[in-house]
Structure formats: structure tokens, C-alpha cells
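A quick write-up on the structure given underneath.
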Amino acid sequence: MKMVIVGASGRSGTELAKQALEQGHDVTALVRNEDKMREKVPDQKLKVETVDVTSVESLTPHFKGKDAVVNALSHVGELKDTVTIFSESMKAIVPATRNANVRRLLTLSAWFTFDDPKEPTPPFILQLLGNVLKDLARMETYIMEECSDLDWTLARFPYLVAGPATELPLIEKENATQVSGVQGKMSRGDVARFVLATLSSDKYKGKAVAVITVQNEK
């Protein structure tokens with residue numbers, strides 16, 4: 001697969017790039033700082049380009065000829081600050097994807113982007129991540145309402161921690177904002193495992209899906 005990762009120097013993007021290269025995929029990392037990316041993933045097979053993630057013109061040339069675009073952008077800065085990076089970048093990523101004639105778009109998101117009356121978002125999460133979740137919700141709404149011509153997937157993940165991919169099963173709930181009744185963490189290695197498996201199939205095209213690793217009780 002020829003894939004491009006927007007925000008590849010973030011913690012999830014870095015893990016995704018590593019696993020994709022290990023699986024033999026052709027990977028292009030789009031970042032703000034090439035040196036930083038090279039330090040994290042020194043594999044010379046990785047193509048690294050610096051871009052403005054909010055510019056259609058900057059992104060389009062790097063999307064051409066690719067099979068899939070993955071958005072792994074993360075928020076950088078104070079959590080109390082107003083967050084706009086997710087919605088603003090997606091309004092550049094989507095037109096660039098269309099300009100490059102790429103249909104497959106997968107974006108990393110989070111649990112609790114929309115409130116579920118049956119299982120409300122825990123107050124401490126809203127207090128800590130409220131601004132991030134609001135902008136992720138704006139991004140998701142844009143994709144769901146404006147991108148019916150693309151094979152998009154919204155992958156919603158819980159609290160993420162450093163760690164490699166495991167062999168533990170994944171719980172996947174289509175069109176859910178969380179996996180009800182399950183609490184826990186998920187390694188970034190397992191995020192990459194899910195993303196690559198999903199891109200290699202027709203699963204969850206035009207869908208949002210909440211994911212978590214089955215928790216190991218040992």
C-alpha cells in the first residue's frame with residue numbers, strides 16, 4: 001500500500017509509520033520538522049516531507065499517487081487553550097484528497113466526541129479534554145456531513161499510552177462514541193495495528209468506530 005501519514009511525528013503517527021514500514025508498505029510522513037521525524041524513525045525507506053497541514057496547496061502534491069491518507073494529527077499546546085487544529089486541518093486534507101484522486105481517508109479521533117445520554121462523558125474528561133473533544137467533534141461532523149464521496153473511517157480511541165502492539169483481541173463498536181462498560185487504556189502500538197488492518201480491508205468505510213484492546217486481567 002502507498003500511504004501518507006499527516007502528523008506522522010506525533011506519538012501515534014510515529015508508531016504507525018514504524019509498523020507500516022515493517023509490513024512493507026510505501027510510507028510518506030508529512031510533518032512540520034523533518035529532523036525530528038528522522039530521529040524518531042531513522043529507516044531510510046521512510047519518505048519525509050515538511051508541509052503546512054492547513055494548506056490544500058501544500059498537501060495535494062504529497063497525496064498524489066497514494067492509496068490512502070491517514071490523519072494522525074494531535075494537539076500540541078495547553079489543554080485549556082482553544083483548539084482548532086483538527087477541524088482546520090481536515091478542511092485542507094479533504095480537498096487535497098479529492099484533488100489527488102484518493103478515496104481512502106482514515107482519521108484518528110477519540111472516545112466521547114459526542115455525548116451519549118445513556119452513558120454520559122465522565123466530568124473529569126470534559127474538564128481535562130473538553131476543548132480537544134469539541135474540535136474533534138467539529139472535525140467528525142465535517143467528515144460525516146461533507147465527505148460522502150470518500151471512503152472515510154473515523155477511528156475513535158480511548159486513553160492512549162506508549163507501548164508496542166499486543167496480540168490481545170480488539171473490541172470494535174461501529175457508530176459508537178465509546179465502548180460501553182469497558183474502561184482502560186490502549187497502547188499506541190495497538191492503534192497502529194488497528195489502523196493498518198482497517199486500511200487493508202473494506203471494513204468501516206463510511207463509518208465511525210470506537211475501539212479498545214480487551215483488557216488483560218493479569
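Every chain in the C-alpha cells takes a letter, A first, then B, and so on in the order presented; its residues are numbered from 1, and the ligands are numbered from 1 following the presented order.
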
Polymer residues at most 8 Å from stretch 142-147 of chain A, only C-alpha atoms, same-chain spacing of 3 or more positions, as an mmCIF file with C-alpha atoms, in the first residue's frame:
```cif
data_model
loop_
_atom_site.group_PDB
_atom_site.id
_atom_site.type_symbol
_atom_site.label_atom_id
_atom_site.label_comp_id
_atom_site.auth_asym_id
_atom_site.auth_seq_id
_atom_site.Cartn_x
_atom_site.Cartn_y
_atom_site.Cartn_z
ATOM 1 C CA SER A 87 -11.166 20.944 12.147
ATOM 2 C CA VAL A 94 -10.266 16.597 2.378
ATOM 3 C CA ARG A 138 -16.291 19.625 14.609
ATOM 4 C CA MET A 139 -13.855 17.592 12.517
ATOM 5 C CA LEU A 150 -14.782 9.451 0.085
ATOM 6 C CA TRP A 152 -13.633 7.600 5.148
ATOM 7 C CA GLY A 206 -18.113 5.465 5.650
#
```

Quiz item: Could you pull out all residues of chain A with a DSSP call of helix (DSSP H, G or I) and give them as a PyMOL selection string?
Solution: chain A and resi 11-22+34-40+56-63+85-99+123-146+188-199

Quiz item: Counting only C-alpha atoms, what is within 12 Å of A:Ile125, bar same-chain residues fewer than 3 positions away, as number ranges by chain?
Solution: A: 79, 110-113, 115, 120-122, 128-134, 158-159

Exercise. Determine, counting only C-alpha atoms, which protein, DNA and RNA residues have an atom within 10 Å of an atom of A:Ser58; residues of the same chain fewer than 5 positions away are not included. Present the result as JSON, numbers by chain.
Key: {"A": [50, 51, 52, 53, 63, 92, 93, 96]}

Quiz prompt | Neighbour list for A:Lys45 as a PyMOL selection string, cut-off 10 Å, only C-alpha atoms, skip fewer than 3 positions in-chain | solution = chain A and resi 21+24-28+41-42+48

Using only all heavy atoms, please write the residues we just selected to a file, as a PDB file, in the first residue's frame.
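Everything below was put into part35.pdb:
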```pdb
ATOM      1  N   LEU A  21       6.062   0.439   7.800  1.00  0.00           N
ATOM      2  CA  LEU A  21       7.324   0.102   7.133  1.00  0.00           C
ATOM      3  C   LEU A  21       7.689  -1.358   7.366  1.00  0.00           C
ATOM      4  O   LEU A  21       8.149  -2.050   6.445  1.00  0.00           O
ATOM      5  CB  LEU A  21       8.437   1.019   7.639  1.00  0.00           C
ATOM      6  CG  LEU A  21       8.355   2.487   7.199  1.00  0.00           C
ATOM      7  CD1 LEU A  21       9.332   3.327   8.008  1.00  0.00           C
ATOM      8  CD2 LEU A  21       8.633   2.637   5.705  1.00  0.00           C
ATOM      9  N   GLY A  24       6.027  -3.574   5.052  1.00  0.00           N
ATOM     10  CA  GLY A  24       6.400  -3.440   3.650  1.00  0.00           C
ATOM     11  C   GLY A  24       5.631  -2.400   2.867  1.00  0.00           C
ATOM     12  O   GLY A  24       5.724  -2.361   1.636  1.00  0.00           O
ATOM     13  N   HIS A  25       4.891  -1.549   3.565  1.00  0.00           N
ATOM     14  CA  HIS A  25       4.147  -0.506   2.866  1.00  0.00           C
ATOM     15  C   HIS A  25       5.072   0.640   2.447  1.00  0.00           C
ATOM     16  O   HIS A  25       6.133   0.851   3.043  1.00  0.00           O
ATOM     17  CB  HIS A  25       3.037   0.050   3.763  1.00  0.00           C
ATOM     18  CG  HIS A  25       2.009  -0.978   4.144  1.00  0.00           C
ATOM     19  ND1 HIS A  25       1.207  -1.619   3.227  1.00  0.00           N
ATOM     20  CD2 HIS A  25       1.667  -1.473   5.364  1.00  0.00           C
ATOM     21  CE1 HIS A  25       0.408  -2.463   3.852  1.00  0.00           C
ATOM     22  NE2 HIS A  25       0.667  -2.400   5.152  1.00  0.00           N
ATOM     23  N   ASP A  26       4.670   1.369   1.446  1.00  0.00           N
ATOM     24  CA  ASP A  26       5.354   2.576   0.992  1.00  0.00           C
ATOM     25  C   ASP A  26       4.782   3.735   1.798  1.00  0.00           C
ATOM     26  O   ASP A  26       3.593   4.059   1.665  1.00  0.00           O
ATOM     27  CB  ASP A  26       5.101   2.762  -0.510  1.00  0.00           C
ATOM     28  CG  ASP A  26       5.800   3.978  -1.084  1.00  0.00           C
ATOM     29  OD1 ASP A  26       5.560   5.097  -0.582  1.00  0.00           O
ATOM     30  OD2 ASP A  26       6.570   3.832  -2.038  1.00  0.00           O
ATOM     31  N   VAL A  27       5.596   4.364   2.639  1.00  0.00           N
ATOM     32  CA  VAL A  27       5.087   5.337   3.603  1.00  0.00           C
ATOM     33  C   VAL A  27       5.718   6.715   3.398  1.00  0.00           C
ATOM     34  O   VAL A  27       6.942   6.839   3.326  1.00  0.00           O
ATOM     35  CB  VAL A  27       5.362   4.885   5.056  1.00  0.00           C
ATOM     36  CG1 VAL A  27       4.724   5.856   6.042  1.00  0.00           C
ATOM     37  CG2 VAL A  27       4.852   3.467   5.290  1.00  0.00           C
ATOM     38  N   THR A  28       4.867   7.735   3.317  1.00  0.00           N
ATOM     39  CA  THR A  28       5.312   9.123   3.292  1.00  0.00           C
ATOM     40  C   THR A  28       4.812   9.816   4.555  1.00  0.00           C
ATOM     41  O   THR A  28       3.615   9.779   4.857  1.00  0.00           O
ATOM     42  CB  THR A  28       4.774   9.862   2.057  1.00  0.00           C
ATOM     43  OG1 THR A  28       5.254   9.217   0.867  1.00  0.00           O
ATOM     44  CG2 THR A  28       5.227  11.314   2.059  1.00  0.00           C
ATOM     45  N   VAL A  41      12.210   7.959  13.515  1.00  0.00           N
ATOM     46  CA  VAL A  41      12.150   6.816  12.601  1.00  0.00           C
ATOM     47  C   VAL A  41      13.285   6.964  11.586  1.00  0.00           C
ATOM     48  O   VAL A  41      13.113   7.568  10.531  1.00  0.00           O
ATOM     49  CB  VAL A  41      10.793   6.738  11.873  1.00  0.00           C
ATOM     50  CG1 VAL A  41      10.706   5.447  11.052  1.00  0.00           C
ATOM     51  CG2 VAL A  41       9.632   6.802  12.857  1.00  0.00           C
ATOM     52  N   PRO A  42      14.449   6.424  11.899  1.00  0.00           N
ATOM     53  CA  PRO A  42      15.610   6.609  11.010  1.00  0.00           C
ATOM     54  C   PRO A  42      15.597   5.731   9.755  1.00  0.00           C
ATOM     55  O   PRO A  42      16.480   5.868   8.915  1.00  0.00           O
ATOM     56  CB  PRO A  42      16.791   6.245  11.919  1.00  0.00           C
ATOM     57  CG  PRO A  42      16.221   5.344  12.957  1.00  0.00           C
ATOM     58  CD  PRO A  42      14.819   5.793  13.175  1.00  0.00           C
ATOM     59  N   VAL A  48      10.013  11.556   3.969  1.00  0.00           N
ATOM     60  CA  VAL A  48       9.599  12.605   4.899  1.00  0.00           C
ATOM     61  C   VAL A  48       9.514  13.938   4.163  1.00  0.00           C
ATOM     62  O   VAL A  48      10.465  14.331   3.476  1.00  0.00           O
ATOM     63  CB  VAL A  48      10.579  12.720   6.090  1.00  0.00           C
ATOM     64  CG1 VAL A  48      10.094  13.785   7.067  1.00  0.00           C
ATOM     65  CG2 VAL A  48      10.737  11.377   6.798  1.00  0.00           C
TER      66      VAL A  48
END
```

Self-check item: Nearest to A:His62, chosen from A:Ser9, A:Val4, A:Leu108, A:Ala17, with only C-alpha atoms counted in the distances
Solution: A:Val4

Quiz item: Can you list, as number ranges by chain, every protein, DNA or RNA residue that comes within 8 Å of stretch 100-103 of chain A when you count only C-alpha atoms, leaving out same-chain residues fewer than 4 positions away?
Solution: A: 60-61, 63-69, 96, 149-152

Restricting it to N, CA, C and O atoms, dump the selection as a PDB file, in the first residue's frame.
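This is the output file part18.pdb:
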```pdb
ATOM      1  N   THR A  60      -1.626  18.696  -1.360  1.00  0.00           N
ATOM      2  CA  THR A  60      -2.042  17.978  -2.568  1.00  0.00           C
ATOM      3  C   THR A  60      -0.913  17.231  -3.281  1.00  0.00           C
ATOM      4  O   THR A  60      -1.077  16.043  -3.620  1.00  0.00           O
ATOM      5  N   PRO A  61       0.239  17.849  -3.535  1.00  0.00           N
ATOM      6  CA  PRO A  61       1.285  17.118  -4.267  1.00  0.00           C
ATOM      7  C   PRO A  61       1.732  15.837  -3.569  1.00  0.00           C
ATOM      8  O   PRO A  61       2.122  14.866  -4.235  1.00  0.00           O
ATOM      9  N   PHE A  63      -0.158  13.881  -1.730  1.00  0.00           N
ATOM     10  CA  PHE A  63      -1.228  12.886  -1.730  1.00  0.00           C
ATOM     11  C   PHE A  63      -1.325  12.150  -3.067  1.00  0.00           C
ATOM     12  O   PHE A  63      -1.871  11.048  -3.131  1.00  0.00           O
ATOM     13  N   LYS A  64      -0.804  12.752  -4.124  1.00  0.00           N
ATOM     14  CA  LYS A  64      -0.955  12.167  -5.457  1.00  0.00           C
ATOM     15  C   LYS A  64      -0.253  10.812  -5.551  1.00  0.00           C
ATOM     16  O   LYS A  64       0.867  10.651  -5.087  1.00  0.00           O
ATOM     17  N   GLY A  65      -0.952   9.865  -6.144  1.00  0.00           N
ATOM     18  CA  GLY A  65      -0.389   8.529  -6.329  1.00  0.00           C
ATOM     19  C   GLY A  65      -0.498   7.628  -5.115  1.00  0.00           C
ATOM     20  O   GLY A  65      -0.008   6.490  -5.135  1.00  0.00           O
ATOM     21  N   LYS A  66      -1.156   8.099  -4.049  1.00  0.00           N
ATOM     22  CA  LYS A  66      -1.274   7.301  -2.838  1.00  0.00           C
ATOM     23  C   LYS A  66      -2.580   6.503  -2.832  1.00  0.00           C
ATOM     24  O   LYS A  66      -3.564   6.872  -3.463  1.00  0.00           O
ATOM     25  N   ASP A  67      -2.569   5.401  -2.088  1.00  0.00           N
ATOM     26  CA  ASP A  67      -3.769   4.582  -1.933  1.00  0.00           C
ATOM     27  C   ASP A  67      -4.609   5.032  -0.744  1.00  0.00           C
ATOM     28  O   ASP A  67      -5.816   4.788  -0.707  1.00  0.00           O
ATOM     29  N   ALA A  68      -3.970   5.640   0.248  1.00  0.00           N
ATOM     30  CA  ALA A  68      -4.696   6.028   1.457  1.00  0.00           C
ATOM     31  C   ALA A  68      -4.023   7.211   2.134  1.00  0.00           C
ATOM     32  O   ALA A  68      -2.796   7.346   2.114  1.00  0.00           O
ATOM     33  N   VAL A  69      -4.855   8.043   2.744  1.00  0.00           N
ATOM     34  CA  VAL A  69      -4.398   9.159   3.576  1.00  0.00           C
ATOM     35  C   VAL A  69      -4.824   8.867   5.008  1.00  0.00           C
ATOM     36  O   VAL A  69      -5.991   8.559   5.264  1.00  0.00           O
ATOM     37  N   ALA A  96      -7.569  18.300  -0.549  1.00  0.00           N
ATOM     38  CA  ALA A  96      -6.323  17.767  -1.114  1.00  0.00           C
ATOM     39  C   ALA A  96      -6.487  16.315  -1.514  1.00  0.00           C
ATOM     40  O   ALA A  96      -5.953  15.868  -2.545  1.00  0.00           O
ATOM     41  N   ASP A 149     -18.439  11.275  -0.748  1.00  0.00           N
ATOM     42  CA  ASP A 149     -17.741  10.801  -1.944  1.00  0.00           C
ATOM     43  C   ASP A 149     -16.438  10.074  -1.603  1.00  0.00           C
ATOM     44  O   ASP A 149     -15.813   9.483  -2.491  1.00  0.00           O
ATOM     45  N   LEU A 150     -16.027  10.085  -0.332  1.00  0.00           N
ATOM     46  CA  LEU A 150     -14.782   9.451   0.085  1.00  0.00           C
ATOM     47  C   LEU A 150     -15.062   8.196   0.905  1.00  0.00           C
ATOM     48  O   LEU A 150     -16.108   8.077   1.545  1.00  0.00           O
ATOM     49  N   ASP A 151     -14.119   7.266   0.886  1.00  0.00           N
ATOM     50  CA  ASP A 151     -14.195   6.075   1.734  1.00  0.00           C
ATOM     51  C   ASP A 151     -13.511   6.397   3.057  1.00  0.00           C
ATOM     52  O   ASP A 151     -12.380   5.998   3.317  1.00  0.00           O
ATOM     53  N   TRP A 152     -14.229   7.129   3.906  1.00  0.00           N
ATOM     54  CA  TRP A 152     -13.633   7.600   5.148  1.00  0.00           C
ATOM     55  C   TRP A 152     -13.913   6.640   6.301  1.00  0.00           C
ATOM     56  O   TRP A 152     -14.899   5.896   6.291  1.00  0.00           O
TER      57      TRP A 152
END
```

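Residues with any atom within 9 Å of stretch 12-16 of chain A, counting only C-alpha atoms and excluding same-chain neighbours fewer than 3 positions away, are Ile5, Val6, Gly7, Ala8, Ser9, Gln19, Ala20, Leu21, Ala29, Met37, Lys40, Val41, Val70, Asn71, Ala72, Leu73, Ser74, Leu108, Leu160, Ala162, Pro164, Arg188, Gly189, Val191, Ala192, Arg193, Val195 and Leu196 of chain A.
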
Go ahead and save the residues from that selection, with N, CA, C and O atoms, as a tab-separated table (two decimals), in the first residue's frame.
```tsv
chain	number	residue	atom	x	y	z
A	5	ILE	N	0.94	9.72	5.85
A	5	ILE	CA	0.51	9.97	7.22
A	5	ILE	C	0.69	11.44	7.53
A	5	ILE	O	1.82	11.95	7.53
A	6	VAL	N	-0.41	12.14	7.78
A	6	VAL	CA	-0.36	13.54	8.18
A	6	VAL	C	-0.17	13.58	9.69
A	6	VAL	O	-0.92	12.95	10.44
A	7	GLY	N	0.83	14.32	10.15
A	7	GLY	CA	1.11	14.34	11.58
A	7	GLY	C	1.87	13.11	12.04
A	7	GLY	O	1.67	12.61	13.15
A	8	ALA	N	2.77	12.65	11.20
A	8	ALA	CA	3.47	11.39	11.47
A	8	ALA	C	4.47	11.47	12.61
A	8	ALA	O	4.88	10.44	13.14
A	9	SER	N	4.86	12.66	13.02
A	9	SER	CA	5.86	12.76	14.09
A	9	SER	C	5.24	12.73	15.48
A	9	SER	O	5.96	12.69	16.48
A	19	GLN	N	5.29	0.58	12.09
A	19	GLN	CA	4.63	-0.68	11.77
A	19	GLN	C	4.35	-0.81	10.27
A	19	GLN	O	4.48	-1.90	9.70
A	20	ALA	N	3.96	0.28	9.64
A	20	ALA	CA	3.68	0.24	8.20
A	20	ALA	C	4.93	-0.12	7.41
A	20	ALA	O	4.89	-0.92	6.46
A	21	LEU	N	6.06	0.44	7.80
A	21	LEU	CA	7.32	0.10	7.13
A	21	LEU	C	7.69	-1.36	7.37
A	21	LEU	O	8.15	-2.05	6.44
A	29	ALA	N	5.72	10.41	5.29
A	29	ALA	CA	5.39	11.13	6.52
A	29	ALA	C	5.34	12.62	6.24
A	29	ALA	O	6.33	13.19	5.76
A	37	MET	N	11.40	13.98	12.79
A	37	MET	CA	10.86	12.72	12.29
A	37	MET	C	11.97	11.72	12.03
A	37	MET	O	11.85	10.53	12.34
A	40	LYS	N	13.12	10.03	15.15
A	40	LYS	CA	12.18	9.05	15.68
A	40	LYS	C	12.14	7.78	14.83
A	40	LYS	O	12.00	6.67	15.36
A	41	VAL	N	12.21	7.96	13.51
A	41	VAL	CA	12.15	6.82	12.60
A	41	VAL	C	13.29	6.96	11.59
A	41	VAL	O	13.11	7.57	10.53
A	70	VAL	N	-3.86	8.95	5.93
A	70	VAL	CA	-4.17	8.76	7.35
A	70	VAL	C	-3.87	10.07	8.08
A	70	VAL	O	-2.77	10.62	7.96
A	71	ASN	N	-4.85	10.54	8.83
A	71	ASN	CA	-4.67	11.75	9.63
A	71	ASN	C	-4.38	11.32	11.06
A	71	ASN	O	-5.26	10.81	11.76
A	72	ALA	N	-3.14	11.56	11.52
A	72	ALA	CA	-2.74	11.21	12.88
A	72	ALA	C	-2.34	12.43	13.68
A	72	ALA	O	-1.57	12.35	14.63
A	73	LEU	N	-2.87	13.58	13.30
A	73	LEU	CA	-2.52	14.82	13.98
A	73	LEU	C	-2.95	14.78	15.45
A	73	LEU	O	-3.98	14.20	15.80
A	74	SER	N	-2.17	15.42	16.28
A	74	SER	CA	-2.51	15.54	17.69
A	74	SER	C	-2.38	17.00	18.12
A	74	SER	O	-1.71	17.80	17.45
A	108	LEU	N	-7.65	9.50	12.94
A	108	LEU	CA	-7.67	9.13	14.35
A	108	LEU	C	-8.48	10.16	15.13
A	108	LEU	O	-8.31	11.37	14.95
A	160	LEU	N	-4.64	6.77	25.50
A	160	LEU	CA	-3.54	6.04	24.86
A	160	LEU	C	-2.26	6.15	25.67
A	160	LEU	O	-1.97	7.18	26.27
A	162	ALA	N	2.09	4.75	25.74
A	162	ALA	CA	3.20	4.20	24.96
A	162	ALA	C	3.21	2.69	25.11
A	162	ALA	O	2.89	2.15	26.17
A	164	PRO	N	4.09	-1.26	22.59
A	164	PRO	CA	4.05	-1.94	21.30
A	164	PRO	C	2.68	-2.56	21.04
A	164	PRO	O	1.81	-2.60	21.92
A	188	ARG	N	-0.35	2.62	21.88
A	188	ARG	CA	-0.27	3.22	20.54
A	188	ARG	C	0.11	2.18	19.49
A	188	ARG	O	-0.22	2.32	18.32
A	189	GLY	N	0.80	1.14	19.93
A	189	GLY	CA	1.10	0.04	19.02
A	189	GLY	C	-0.17	-0.65	18.55
A	189	GLY	O	-0.28	-1.04	17.38
A	191	VAL	N	-3.10	0.84	18.40
A	191	VAL	CA	-3.75	1.80	17.49
A	191	VAL	C	-3.25	1.58	16.08
A	191	VAL	O	-4.04	1.48	15.13
A	192	ALA	N	-1.94	1.49	15.92
A	192	ALA	CA	-1.36	1.27	14.60
A	192	ALA	C	-1.80	-0.07	14.03
A	192	ALA	O	-2.09	-0.18	12.83
A	193	ARG	N	-1.87	-1.07	14.87
A	193	ARG	CA	-2.32	-2.40	14.42
A	193	ARG	C	-3.73	-2.31	13.86
A	193	ARG	O	-4.03	-2.87	12.79
A	195	VAL	N	-5.32	0.42	12.72
A	195	VAL	CA	-5.35	1.27	11.53
A	195	VAL	C	-4.90	0.49	10.29
A	195	VAL	O	-5.56	0.52	9.24
A	196	LEU	N	-3.80	-0.21	10.39
A	196	LEU	CA	-3.27	-0.94	9.24
A	196	LEU	C	-4.19	-2.08	8.82
A	196	LEU	O	-4.39	-2.33	7.62
```

Self-check item: DSSP strand (DSSP E or B) residues within chain A, as a VMD selection string
Solution: chain A and resid 2 to 6 26 to 31 47 to 50 68 to 71 104 to 110 151 to 157 159 to 161 170 to 174 185 to 187 207 to 213

Quiz prompt | Nearest to A:Arg104, chosen from A:Thr153, A:Gln23, A:Gln183, A:Gln178, with only C-alpha atoms counted in the distances | solution =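 Closest to A:Arg104, using only C-alpha atoms: A:Thr153.
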
Select from stretch 97-164 of chain A every residue with an atom at most 6 Å from any atom of stretch 207-210 of chain A, then for each give the shortest pair of atoms and their distance in Å to one decimal, using only C-alpha atoms, rows by chain and rising number, as a Markdown table.
```
| residue | atom | partner | partner_atom | distance |
| --- | --- | --- | --- | --- |
| A:Thr153 | CA | A:Lys207 | CA | 5.3 |
| A:Leu154 | CA | A:Ala208 | CA | 4.4 |
| A:Ala155 | CA | A:Val209 | CA | 5.3 |
| A:Arg156 | CA | A:Ala210 | CA | 4.6 |
```

Write the selection just made, keeping N, CA and C atoms, as a PDB file, in the first residue's frame?
```
ATOM      1  N   THR A 153     -13.046   6.681   7.287  1.00  0.00           N
ATOM      2  CA  THR A 153     -13.250   5.978   8.544  1.00  0.00           C
ATOM      3  C   THR A 153     -12.828   6.896   9.684  1.00  0.00           C
ATOM      4  N   LEU A 154     -13.681   7.010  10.691  1.00  0.00           N
ATOM      5  CA  LEU A 154     -13.339   7.718  11.922  1.00  0.00           C
ATOM      6  C   LEU A 154     -13.039   6.667  12.987  1.00  0.00           C
ATOM      7  N   ALA A 155     -11.789   6.588  13.404  1.00  0.00           N
ATOM      8  CA  ALA A 155     -11.378   5.608  14.408  1.00  0.00           C
ATOM      9  C   ALA A 155     -11.253   6.301  15.753  1.00  0.00           C
ATOM     10  N   ARG A 156     -12.133   5.950  16.677  1.00  0.00           N
ATOM     11  CA  ARG A 156     -12.191   6.604  17.982  1.00  0.00           C
ATOM     12  C   ARG A 156     -11.499   5.734  19.028  1.00  0.00           C
TER      13      ARG A 156
END
```
